[in-house]
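Written below as structure tokens is the structure these notes are about.
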Amino acid sequence: VLTGFKYIGDQIDQLKDAGEEDRYLMGFEESYGYLSGTHARDKDAVNAAFMICEMFAFYKTRGISLLDKLNQLYKEYGYCLIRQHSYEFPGSAGFSRMKDIMDSLRCSVPSSIGGLAVLSTVDYGKGVDALPKSNVVKFVLEGNCSAIIRPSGTEPKIKFYFYSDQGSRKEALSVNK
């Protein structure tokens, strides 16, 4: 789904309408909000703290630390490093500037970002994979990396996300500087 708990809540509602509410396990977004269970439709720090305590208790009974489990997951699935940068554009002039930046990214695709070649572009403003249209542009980069740019939905900011999916943290850090 797109970023935003309204989209996660919508998925819960769809499952509920289909009589399959129990299929929902967890949703989260880039702002580190987590939602387990179907009782809330927005990020919940209390819920996230409870999930960490529950994981700790579960793995402690098996003699595994959370750090050991995390490292096991990295070894099995690889390491995804995400870096986010936000740039503020206050006022009506800022809103206009953000629109110009997004339009420019759609019209004039850069050949590289951070020294990595741009392989393709995904414009979510045109609709992608049955998702609602959204003012988001994704650049797929060489080396299993990507860059996603979108205006904030609640603040006068443009957010840039740089992803590096690699085999280890060291490899991810070497690419995503």
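In the structure tokens, the first chain shown is A, the next is B, and so on; residue numbers restart at 1 for each chain, and ligands run from 1 in the order shown.
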
Enumerate as a VMD selection string all residues of range 76-130 of chain A assigned to strand (DSSP E or B) by DSSP on the backbone, naming them with the chain letters and numbers the document uses. chain A and resid 79 to 88 112 to 113 116 to 123

For the selection just defined, write its residues with N, CA and C atoms to a file, as a compact mmCIF listing (two decimals), in the first residue's frame.
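What follows is the written file part-v9.txt:
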```
# COMPACT_ATOMS: atom_id res chain seq x y z
N TYR A 79 20.22 -7.26 3.88
CA TYR A 79 20.13 -6.03 4.67
C TYR A 79 19.64 -4.90 3.78
N CYS A 80 18.59 -4.22 4.20
CA CYS A 80 18.06 -3.08 3.47
C CYS A 80 18.33 -1.83 4.29
N LEU A 81 19.15 -0.96 3.74
CA LEU A 81 19.45 0.30 4.40
C LEU A 81 18.62 1.39 3.74
N ILE A 82 17.94 2.17 4.56
CA ILE A 82 17.12 3.27 4.05
C ILE A 82 17.61 4.56 4.69
N ARG A 83 17.89 5.53 3.87
CA ARG A 83 18.25 6.86 4.37
C ARG A 83 17.20 7.83 3.86
N GLN A 84 16.74 8.68 4.76
CA GLN A 84 15.72 9.66 4.39
C GLN A 84 16.25 11.07 4.63
N HIS A 85 16.00 11.92 3.67
CA HIS A 85 16.34 13.34 3.79
C HIS A 85 15.07 14.14 3.49
N SER A 86 14.81 15.15 4.32
CA SER A 86 13.65 16.02 4.11
C SER A 86 14.13 17.44 3.87
N TYR A 87 13.42 18.11 2.98
CA TYR A 87 13.72 19.50 2.67
C TYR A 87 12.44 20.31 2.82
N GLU A 88 12.51 21.38 3.62
CA GLU A 88 11.32 22.18 3.92
C GLU A 88 11.12 23.28 2.89
N SER A 112 21.78 9.64 -13.44
CA SER A 112 22.31 8.95 -12.27
C SER A 112 21.91 9.71 -11.00
N ILE A 113 21.91 8.99 -9.90
CA ILE A 113 21.65 9.56 -8.59
C ILE A 113 22.68 8.97 -7.64
N LEU A 116 24.98 6.35 -9.04
CA LEU A 116 24.40 5.10 -9.54
C LEU A 116 23.49 5.40 -10.71
N ALA A 117 23.62 4.64 -11.78
CA ALA A 117 22.81 4.85 -12.98
C ALA A 117 21.33 4.61 -12.70
N VAL A 118 20.49 5.47 -13.27
CA VAL A 118 19.04 5.29 -13.19
C VAL A 118 18.65 4.29 -14.27
N LEU A 119 18.08 3.17 -13.87
CA LEU A 119 17.68 2.11 -14.80
C LEU A 119 16.26 2.30 -15.32
N SER A 120 15.38 2.78 -14.43
CA SER A 120 13.99 3.01 -14.83
C SER A 120 13.32 3.94 -13.84
N THR A 121 12.14 4.42 -14.23
CA THR A 121 11.37 5.34 -13.40
C THR A 121 9.96 4.79 -13.23
N VAL A 122 9.43 4.92 -12.03
CA VAL A 122 8.05 4.53 -11.75
C VAL A 122 7.33 5.78 -11.25
N ASP A 123 6.30 6.19 -11.96
CA ASP A 123 5.53 7.38 -11.60
C ASP A 123 4.19 6.95 -11.00
```

When you look at Lys133 in chain A with a cut-off of 12 Å (counting only C-alpha atoms), what residues show up, excluding the ones that are within fewer than 2 positions of it in the same chain? I need them as a list in words. Val1, Leu2, Val122, Asp123, Tyr124, Gly125, Lys126, Gly127, Val128, Asp129, Ala130, Leu131, Asn135, Val136 and Val137 of chain A

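Among A:Leu35, A:Val175, A:Ile12, A:Met51, the residue with the shortest atom-to-atom distance to Ser146 in chain A, counting only C-alpha atoms, is A:Val175.
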
Set the distance at 9 Å and use only C-alpha atoms: which residues neighbour Ser36 in chain A once local chain neighbours fewer than 5 positions away are removed? I'd like the list as JSON, numbers by chain. {"A": [24, 25, 26, 27, 28, 44, 47, 48, 51]}

Would you give me, as a PyMOL selection string, the residues in range 11-166 of chain A that DSSP reads as helix (DSSP H, G or I)? chain A and resi 11-17+21-23+45-60+66-77+91-107+124-126
